[in-house]
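A short write-up of the structure that comes next.
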Amino acid sequence: EDQVTQSPEALRLQEGESSSLNCSYTVSGLRGLFWYRQDPGKGPEFLFTLYSAGEEKEKERLKATLTKKESFLHITAPKPEDSATYLCAVRTGANNLFFGTGTRLTVIP
Amino acid sequence: EAGVAQSPRYKIIEKRQSVAFWCNPISGHATLYWYQQILGQGPKLLIQFQNNGVVDDSQLPKDRFSAERLKGVDSTLKIQPAKLEDSAVYLCASSLVLVLDTQYFGPGTRLTVL
């Protein structure tokens with residue numbers, strides 16, 4: 001059965017305190033792993049797509065990496081405006097986009 | 001470039017009433033998706049269209065939910081009759097074509113069923 005698990009459920013960081021969010025998956029035929037950011041009351045906003053183990057993508061203070069079993073979203077020196085829920089999703093062999101439950105990040109000034 | 005548009009943004013109804021949501025995808029995007037997001041969970045796919053044809057509706061509760069995309073552009077999702085457990089945010093997303101393309105989401109419609 002396809003499964004996506006994100007950890008931790010919630011994370012509180014001081015401004016400037018770097019950390020990582022985890023997305024572990026077991027799917028039949030990975031055809032892409034996606035990271036989205038979701039602010040309260042809004043739809044998910046696309047951040048990155050990763051397709052193969054060893055791939056890395058960066059955008060400002062965020063860096064996403066992918067292995068055969070998990071992906072990490074590294075946040076370097078976060079700012080309060082990085083506070084949001086970060087969602088991980090995998091596209092399976094059946095072309096369905098399957099989401100995890102998200103990590104709720106709070107960055108304290 | 002305009003994003004995915006959805007309306008209404010909020011809707012409150014009594015159980016057993018009916019409700020409809022509208023979505024207009026990004027111009028030129030052939031594929032349209034409807035998701036349900038229950039509070040504290042990730043979005044769950046309900047149905048996906050390629051132009052005006054259904055690609056996957058395996059997760060759509062067809063006894064009460066229906067969706068159409070008649071001209072291959074905008075789409076309507078309907079619930080009739082609504083149940084308490086249908087309270088959620090209904091998200092619409094679109095992508096250029098089906099395989100490997102990034103999905104872009106609208107702001108969602110928050111439905112509360114009393």
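Naming works like this for the structure tokens: A, B, ... for the chains as they're shown, residue 1 at the start of each chain, ligands 1 onward in shown order.
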Chain B: residues DSSP assigns to strand (DSSP E or B), reported as a VMD selection string: chain B and resid 5 to 7 10 to 13 19 to 24 31 to 37 44 to 50 53 to 56 65 to 68 75 to 79 88 to 95 104 to 105 109 to 113
Can you pull out every residue within 9 Å of Leu32 in chain B, counting only C-alpha atoms, but drop anything in the same chain fewer than 6 positions away, and send it as a PDB file with all heavy atoms, in the first residue's frame?
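What landed in around.pdb:
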```pdb
ATOM      1  N   CYS B  23     -14.523  25.969 -10.439  1.00  0.00           N
ATOM      2  CA  CYS B  23     -13.078  26.133 -10.611  1.00  0.00           C
ATOM      3  C   CYS B  23     -12.756  26.520 -12.046  1.00  0.00           C
ATOM      4  O   CYS B  23     -13.271  25.917 -12.998  1.00  0.00           O
ATOM      5  CB  CYS B  23     -12.356  24.828 -10.263  1.00  0.00           C
ATOM      6  SG  CYS B  23     -10.589  24.825 -10.679  1.00  0.00           S
ATOM      7  N   PRO B  25      -9.320  26.768 -14.260  1.00  0.00           N
ATOM      8  CA  PRO B  25      -7.887  26.465 -14.181  1.00  0.00           C
ATOM      9  C   PRO B  25      -7.032  27.528 -14.862  1.00  0.00           C
ATOM     10  O   PRO B  25      -7.548  28.454 -15.502  1.00  0.00           O
ATOM     11  CB  PRO B  25      -7.782  25.133 -14.928  1.00  0.00           C
ATOM     12  CG  PRO B  25      -8.866  25.223 -15.956  1.00  0.00           C
ATOM     13  CD  PRO B  25      -9.991  25.952 -15.270  1.00  0.00           C
ATOM     14  N   ILE B  47     -11.041  13.533  -7.983  1.00  0.00           N
ATOM     15  CA  ILE B  47     -11.254  13.262  -9.401  1.00  0.00           C
ATOM     16  C   ILE B  47     -10.255  14.062 -10.216  1.00  0.00           C
ATOM     17  O   ILE B  47      -9.845  15.143  -9.805  1.00  0.00           O
ATOM     18  CB  ILE B  47     -12.708  13.612  -9.820  1.00  0.00           C
ATOM     19  CG1 ILE B  47     -12.999  13.172 -11.256  1.00  0.00           C
ATOM     20  CG2 ILE B  47     -12.998  15.087  -9.618  1.00  0.00           C
ATOM     21  CD1 ILE B  47     -14.488  13.247 -11.623  1.00  0.00           C
ATOM     22  N   GLN B  48      -9.830  13.503 -11.353  1.00  0.00           N
ATOM     23  CA  GLN B  48      -9.002  14.251 -12.276  1.00  0.00           C
ATOM     24  C   GLN B  48      -9.550  14.130 -13.693  1.00  0.00           C
ATOM     25  O   GLN B  48     -10.012  13.069 -14.122  1.00  0.00           O
ATOM     26  CB  GLN B  48      -7.523  13.865 -12.198  1.00  0.00           C
ATOM     27  CG  GLN B  48      -7.207  12.392 -12.224  1.00  0.00           C
ATOM     28  CD  GLN B  48      -5.711  12.142 -12.152  1.00  0.00           C
ATOM     29  OE1 GLN B  48      -4.914  12.881 -12.727  1.00  0.00           O
ATOM     30  NE2 GLN B  48      -5.321  11.111 -11.437  1.00  0.00           N
ATOM     31  N   PHE B  49      -9.499  15.264 -14.396  1.00  0.00           N
ATOM     32  CA  PHE B  49      -9.969  15.368 -15.771  1.00  0.00           C
ATOM     33  C   PHE B  49      -8.779  15.641 -16.696  1.00  0.00           C
ATOM     34  O   PHE B  49      -7.856  16.369 -16.352  1.00  0.00           O
ATOM     35  CB  PHE B  49     -10.934  16.545 -15.946  1.00  0.00           C
ATOM     36  CG  PHE B  49     -12.250  16.415 -15.234  1.00  0.00           C
ATOM     37  CD1 PHE B  49     -12.416  16.916 -13.953  1.00  0.00           C
ATOM     38  CD2 PHE B  49     -13.322  15.823 -15.858  1.00  0.00           C
ATOM     39  CE1 PHE B  49     -13.628  16.820 -13.304  1.00  0.00           C
ATOM     40  CE2 PHE B  49     -14.555  15.722 -15.226  1.00  0.00           C
ATOM     41  CZ  PHE B  49     -14.702  16.223 -13.942  1.00  0.00           C
ATOM     42  N   GLN B  50      -8.820  15.072 -17.887  1.00  0.00           N
ATOM     43  CA  GLN B  50      -7.924  15.437 -18.958  1.00  0.00           C
ATOM     44  C   GLN B  50      -8.831  16.018 -20.039  1.00  0.00           C
ATOM     45  O   GLN B  50      -9.637  15.307 -20.626  1.00  0.00           O
ATOM     46  CB  GLN B  50      -7.161  14.212 -19.497  1.00  0.00           C
ATOM     47  CG  GLN B  50      -6.288  14.493 -20.698  1.00  0.00           C
ATOM     48  CD  GLN B  50      -4.937  15.059 -20.315  1.00  0.00           C
ATOM     49  OE1 GLN B  50      -4.641  15.219 -19.137  1.00  0.00           O
ATOM     50  NE2 GLN B  50      -4.115  15.342 -21.289  1.00  0.00           N
ATOM     51  N   ASN B  51      -8.685  17.344 -20.261  1.00  0.00           N
ATOM     52  CA  ASN B  51      -9.649  18.074 -21.091  1.00  0.00           C
ATOM     53  C   ASN B  51     -11.050  17.856 -20.511  1.00  0.00           C
ATOM     54  O   ASN B  51     -11.258  18.154 -19.344  1.00  0.00           O
ATOM     55  CB  ASN B  51      -9.525  17.653 -22.545  1.00  0.00           C
ATOM     56  CG  ASN B  51      -8.163  18.032 -23.103  1.00  0.00           C
ATOM     57  OD1 ASN B  51      -7.739  19.185 -22.967  1.00  0.00           O
ATOM     58  ND2 ASN B  51      -7.466  17.077 -23.694  1.00  0.00           N
ATOM     59  N   ARG B  69     -16.776  18.733 -16.407  1.00  0.00           N
ATOM     60  CA  ARG B  69     -15.917  19.717 -17.069  1.00  0.00           C
ATOM     61  C   ARG B  69     -16.323  19.699 -18.543  1.00  0.00           C
ATOM     62  O   ARG B  69     -15.622  19.182 -19.379  1.00  0.00           O
ATOM     63  CB  ARG B  69     -14.442  19.347 -16.890  1.00  0.00           C
ATOM     64  CG  ARG B  69     -13.486  20.470 -17.262  1.00  0.00           C
ATOM     65  CD  ARG B  69     -12.041  20.016 -17.184  1.00  0.00           C
ATOM     66  NE  ARG B  69     -11.142  21.128 -17.454  1.00  0.00           N
ATOM     67  CZ  ARG B  69      -9.865  20.989 -17.820  1.00  0.00           C
ATOM     68  NH1 ARG B  69      -9.344  19.775 -17.951  1.00  0.00           N
ATOM     69  NH2 ARG B  69      -9.121  22.036 -18.031  1.00  0.00           N
ATOM     70  N   GLY B  72     -14.091  21.410 -21.283  1.00  0.00           N
ATOM     71  CA  GLY B  72     -12.658  21.208 -21.132  1.00  0.00           C
ATOM     72  C   GLY B  72     -11.921  22.383 -20.526  1.00  0.00           C
ATOM     73  O   GLY B  72     -10.692  22.443 -20.603  1.00  0.00           O
ATOM     74  N   VAL B  73     -12.679  23.314 -19.915  1.00  0.00           N
ATOM     75  CA  VAL B  73     -12.012  24.455 -19.280  1.00  0.00           C
ATOM     76  C   VAL B  73     -12.391  24.464 -17.804  1.00  0.00           C
ATOM     77  O   VAL B  73     -11.757  23.796 -17.005  1.00  0.00           O
ATOM     78  CB  VAL B  73     -12.374  25.784 -19.968  1.00  0.00           C
ATOM     79  CG1 VAL B  73     -11.662  26.951 -19.282  1.00  0.00           C
ATOM     80  CG2 VAL B  73     -11.976  25.738 -21.438  1.00  0.00           C
ATOM     81  N   ASP B  74     -13.467  25.208 -17.458  1.00  0.00           N
ATOM     82  CA  ASP B  74     -13.832  25.260 -16.042  1.00  0.00           C
ATOM     83  C   ASP B  74     -14.610  24.018 -15.640  1.00  0.00           C
ATOM     84  O   ASP B  74     -15.068  23.237 -16.477  1.00  0.00           O
ATOM     85  CB  ASP B  74     -14.581  26.546 -15.711  1.00  0.00           C
ATOM     86  CG  ASP B  74     -15.815  26.747 -16.561  1.00  0.00           C
ATOM     87  OD1 ASP B  74     -16.000  25.979 -17.523  1.00  0.00           O
ATOM     88  OD2 ASP B  74     -16.591  27.664 -16.260  1.00  0.00           O
ATOM     89  N   SER B  75     -14.724  23.852 -14.320  1.00  0.00           N
ATOM     90  CA  SER B  75     -15.310  22.627 -13.777  1.00  0.00           C
ATOM     91  C   SER B  75     -16.195  22.956 -12.579  1.00  0.00           C
ATOM     92  O   SER B  75     -15.987  23.967 -11.900  1.00  0.00           O
ATOM     93  CB  SER B  75     -14.201  21.670 -13.349  1.00  0.00           C
ATOM     94  OG  SER B  75     -14.708  20.515 -12.721  1.00  0.00           O
ATOM     95  N   CYS B  92      -9.015  22.936  -5.932  1.00  0.00           N
ATOM     96  CA  CYS B  92      -8.906  22.639  -7.360  1.00  0.00           C
ATOM     97  C   CYS B  92      -7.461  22.895  -7.774  1.00  0.00           C
ATOM     98  O   CYS B  92      -6.821  23.836  -7.299  1.00  0.00           O
ATOM     99  CB  CYS B  92      -9.859  23.527  -8.144  1.00  0.00           C
ATOM    100  SG  CYS B  92      -9.804  23.288  -9.932  1.00  0.00           S
ATOM    101  N   ALA B  93      -6.944  22.045  -8.629  1.00  0.00           N
ATOM    102  CA  ALA B  93      -5.582  22.219  -9.138  1.00  0.00           C
ATOM    103  C   ALA B  93      -5.583  21.969 -10.641  1.00  0.00           C
ATOM    104  O   ALA B  93      -6.491  21.312 -11.170  1.00  0.00           O
ATOM    105  CB  ALA B  93      -4.609  21.262  -8.446  1.00  0.00           C
ATOM    106  N   SER B  94      -4.579  22.494 -11.328  1.00  0.00           N
ATOM    107  CA  SER B  94      -4.461  22.221 -12.755  1.00  0.00           C
ATOM    108  C   SER B  94      -3.006  22.027 -13.135  1.00  0.00           C
ATOM    109  O   SER B  94      -2.092  22.481 -12.428  1.00  0.00           O
ATOM    110  CB  SER B  94      -5.092  23.350 -13.583  1.00  0.00           C
ATOM    111  OG  SER B  94      -4.337  24.543 -13.515  1.00  0.00           O
ATOM    112  N   SER B  95      -2.794  21.332 -14.239  1.00  0.00           N
ATOM    113  CA  SER B  95      -1.452  21.138 -14.776  1.00  0.00           C
ATOM    114  C   SER B  95      -1.543  21.111 -16.292  1.00  0.00           C
ATOM    115  O   SER B  95      -2.616  20.903 -16.857  1.00  0.00           O
ATOM    116  CB  SER B  95      -0.810  19.855 -14.240  1.00  0.00           C
ATOM    117  OG  SER B  95      -1.535  18.721 -14.659  1.00  0.00           O
ATOM    118  N   LEU B  96      -0.376  21.283 -16.945  1.00  0.00           N
ATOM    119  CA  LEU B  96      -0.376  21.369 -18.407  1.00  0.00           C
ATOM    120  C   LEU B  96      -0.933  20.103 -19.034  1.00  0.00           C
ATOM    121  O   LEU B  96      -1.883  20.133 -19.795  1.00  0.00           O
ATOM    122  CB  LEU B  96       1.041  21.625 -18.905  1.00  0.00           C
ATOM    123  CG  LEU B  96       1.487  23.086 -18.918  1.00  0.00           C
ATOM    124  CD1 LEU B  96       2.964  23.184 -19.253  1.00  0.00           C
ATOM    125  CD2 LEU B  96       0.661  23.885 -19.915  1.00  0.00           C
ATOM    126  N   LEU B  98      -1.002  15.488 -18.174  1.00  0.00           N
ATOM    127  CA  LEU B  98      -1.160  14.592 -17.039  1.00  0.00           C
ATOM    128  C   LEU B  98       0.175  14.140 -16.455  1.00  0.00           C
ATOM    129  O   LEU B  98       0.402  14.260 -15.259  1.00  0.00           O
ATOM    130  CB  LEU B  98      -1.961  13.360 -17.458  1.00  0.00           C
ATOM    131  CG  LEU B  98      -2.274  12.354 -16.352  1.00  0.00           C
ATOM    132  CD1 LEU B  98      -3.083  13.014 -15.261  1.00  0.00           C
ATOM    133  CD2 LEU B  98      -3.025  11.168 -16.927  1.00  0.00           C
ATOM    134  N   GLN B 103       1.393  20.370 -10.439  1.00  0.00           N
ATOM    135  CA  GLN B 103       0.025  20.806 -10.215  1.00  0.00           C
ATOM    136  C   GLN B 103       0.040  22.135  -9.459  1.00  0.00           C
ATOM    137  O   GLN B 103       0.753  22.279  -8.463  1.00  0.00           O
ATOM    138  CB  GLN B 103      -0.737  19.754  -9.402  1.00  0.00           C
ATOM    139  CG  GLN B 103      -0.892  18.433 -10.147  1.00  0.00           C
ATOM    140  CD  GLN B 103      -1.680  17.425  -9.367  1.00  0.00           C
ATOM    141  OE1 GLN B 103      -2.470  17.765  -8.490  1.00  0.00           O
ATOM    142  NE2 GLN B 103      -1.506  16.145  -9.690  1.00  0.00           N
TER     143      GLN B 103
END
```
Exercise answer, chain B residues close to chain A, 12 Å and only C-alpha atoms, as a ChimeraX atom specification: /B:3-6,9-10,33-48,55-59,88-95,97-110
Restricting the output to C-alpha atoms, write the selected residues as a PDB file, in the first residue's frame.
```
ATOM      1  CA  GLY B   3      -3.717  31.401 -11.158  1.00  0.00           C
ATOM      2  CA  VAL B   4      -6.428  28.835 -10.514  1.00  0.00           C
ATOM      3  CA  ALA B   5      -9.666  30.553  -9.552  1.00  0.00           C
ATOM      4  CA  GLN B   6     -12.267  29.050  -7.225  1.00  0.00           C
ATOM      5  CA  ARG B   9     -14.364  30.865  -0.903  1.00  0.00           C
ATOM      6  CA  TYR B  10     -16.624  29.894   1.980  1.00  0.00           C
ATOM      7  CA  TYR B  33      -8.015  17.983 -10.307  1.00  0.00           C
ATOM      8  CA  TRP B  34     -10.388  18.231  -7.359  1.00  0.00           C
ATOM      9  CA  TYR B  35      -9.039  17.472  -3.890  1.00  0.00           C
ATOM     10  CA  GLN B  36     -10.648  17.277  -0.461  1.00  0.00           C
ATOM     11  CA  GLN B  37      -8.576  18.488   2.501  1.00  0.00           C
ATOM     12  CA  ILE B  38      -9.923  17.709   5.942  1.00  0.00           C
ATOM     13  CA  LEU B  39      -8.505  19.821   8.769  1.00  0.00           C
ATOM     14  CA  GLY B  40      -5.084  18.577   9.834  1.00  0.00           C
ATOM     15  CA  GLN B  41      -4.680  16.265   6.843  1.00  0.00           C
ATOM     16  CA  GLY B  42      -3.086  16.458   3.428  1.00  0.00           C
ATOM     17  CA  PRO B  43      -5.218  16.887   0.322  1.00  0.00           C
ATOM     18  CA  LYS B  44      -6.904  13.737  -0.997  1.00  0.00           C
ATOM     19  CA  LEU B  45      -7.623  13.400  -4.708  1.00  0.00           C
ATOM     20  CA  LEU B  46     -11.298  13.085  -5.601  1.00  0.00           C
ATOM     21  CA  ILE B  47     -11.254  13.262  -9.401  1.00  0.00           C
ATOM     22  CA  GLN B  48      -9.002  14.251 -12.276  1.00  0.00           C
ATOM     23  CA  VAL B  55      -9.022  10.087 -16.007  1.00  0.00           C
ATOM     24  CA  ASP B  56      -9.526   8.897 -12.422  1.00  0.00           C
ATOM     25  CA  ASP B  57     -12.562   9.146 -10.145  1.00  0.00           C
ATOM     26  CA  SER B  58     -11.846   6.082  -8.009  1.00  0.00           C
ATOM     27  CA  GLN B  59     -11.845   8.133  -4.767  1.00  0.00           C
ATOM     28  CA  ALA B  88     -13.482  20.283   4.523  1.00  0.00           C
ATOM     29  CA  VAL B  89     -11.622  22.529   2.127  1.00  0.00           C
ATOM     30  CA  TYR B  90     -12.174  21.628  -1.519  1.00  0.00           C
ATOM     31  CA  LEU B  91      -9.123  22.427  -3.605  1.00  0.00           C
ATOM     32  CA  CYS B  92      -8.906  22.639  -7.360  1.00  0.00           C
ATOM     33  CA  ALA B  93      -5.582  22.219  -9.138  1.00  0.00           C
ATOM     34  CA  SER B  94      -4.461  22.221 -12.755  1.00  0.00           C
ATOM     35  CA  SER B  95      -1.452  21.138 -14.776  1.00  0.00           C
ATOM     36  CA  VAL B  97      -0.796  17.681 -19.191  1.00  0.00           C
ATOM     37  CA  LEU B  98      -1.160  14.592 -17.039  1.00  0.00           C
ATOM     38  CA  VAL B  99       2.224  12.924 -16.744  1.00  0.00           C
ATOM     39  CA  LEU B 100       4.963  14.420 -14.543  1.00  0.00           C
ATOM     40  CA  ASP B 101       3.648  17.984 -14.692  1.00  0.00           C
ATOM     41  CA  THR B 102       3.478  20.225 -11.640  1.00  0.00           C
ATOM     42  CA  GLN B 103       0.025  20.806 -10.215  1.00  0.00           C
ATOM     43  CA  TYR B 104      -0.871  24.391  -9.292  1.00  0.00           C
ATOM     44  CA  PHE B 105      -3.570  24.885  -6.677  1.00  0.00           C
ATOM     45  CA  GLY B 106      -6.340  27.395  -6.212  1.00  0.00           C
ATOM     46  CA  PRO B 107      -7.194  28.986  -2.848  1.00  0.00           C
ATOM     47  CA  GLY B 108      -9.900  26.413  -2.066  1.00  0.00           C
ATOM     48  CA  THR B 109     -13.499  26.533  -0.872  1.00  0.00           C
ATOM     49  CA  ARG B 110     -14.052  25.982   2.830  1.00  0.00           C
TER      50      ARG B 110
END
```
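The spacing separating CA of Ser7 in chain A from CA of Asn22 in chain A amounts to 5.2 Å.
Of note, CA of Thr5 in chain A and CA of Val107 in chain A are spaced 22.2 Å apart.
Closest to Thr31 in chain B among B:Gly53, B:Leu84, B:Ile13, B:Ser18 is B:Gly53, based on only C-alpha atoms.
With only C-alpha atoms taken into account, the protein and nucleic acid residues at most 8 Å from Ile12 in chain B (excluding it and anything under 4 positions from it in its own chain) are Leu111, Thr112, Val113 and Leu114 of chain B.
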One-decimal distance in Å that lies between CA of Pro40 in chain A and CA of Phe21 in chain B: 20.0 Å
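The nearest approach to Glu70 in chain A among the residues A:Glu17, A:Glu1, A:Asp39, A:Glu55, with only C-alpha atoms taken into account, belongs to A:Glu55.
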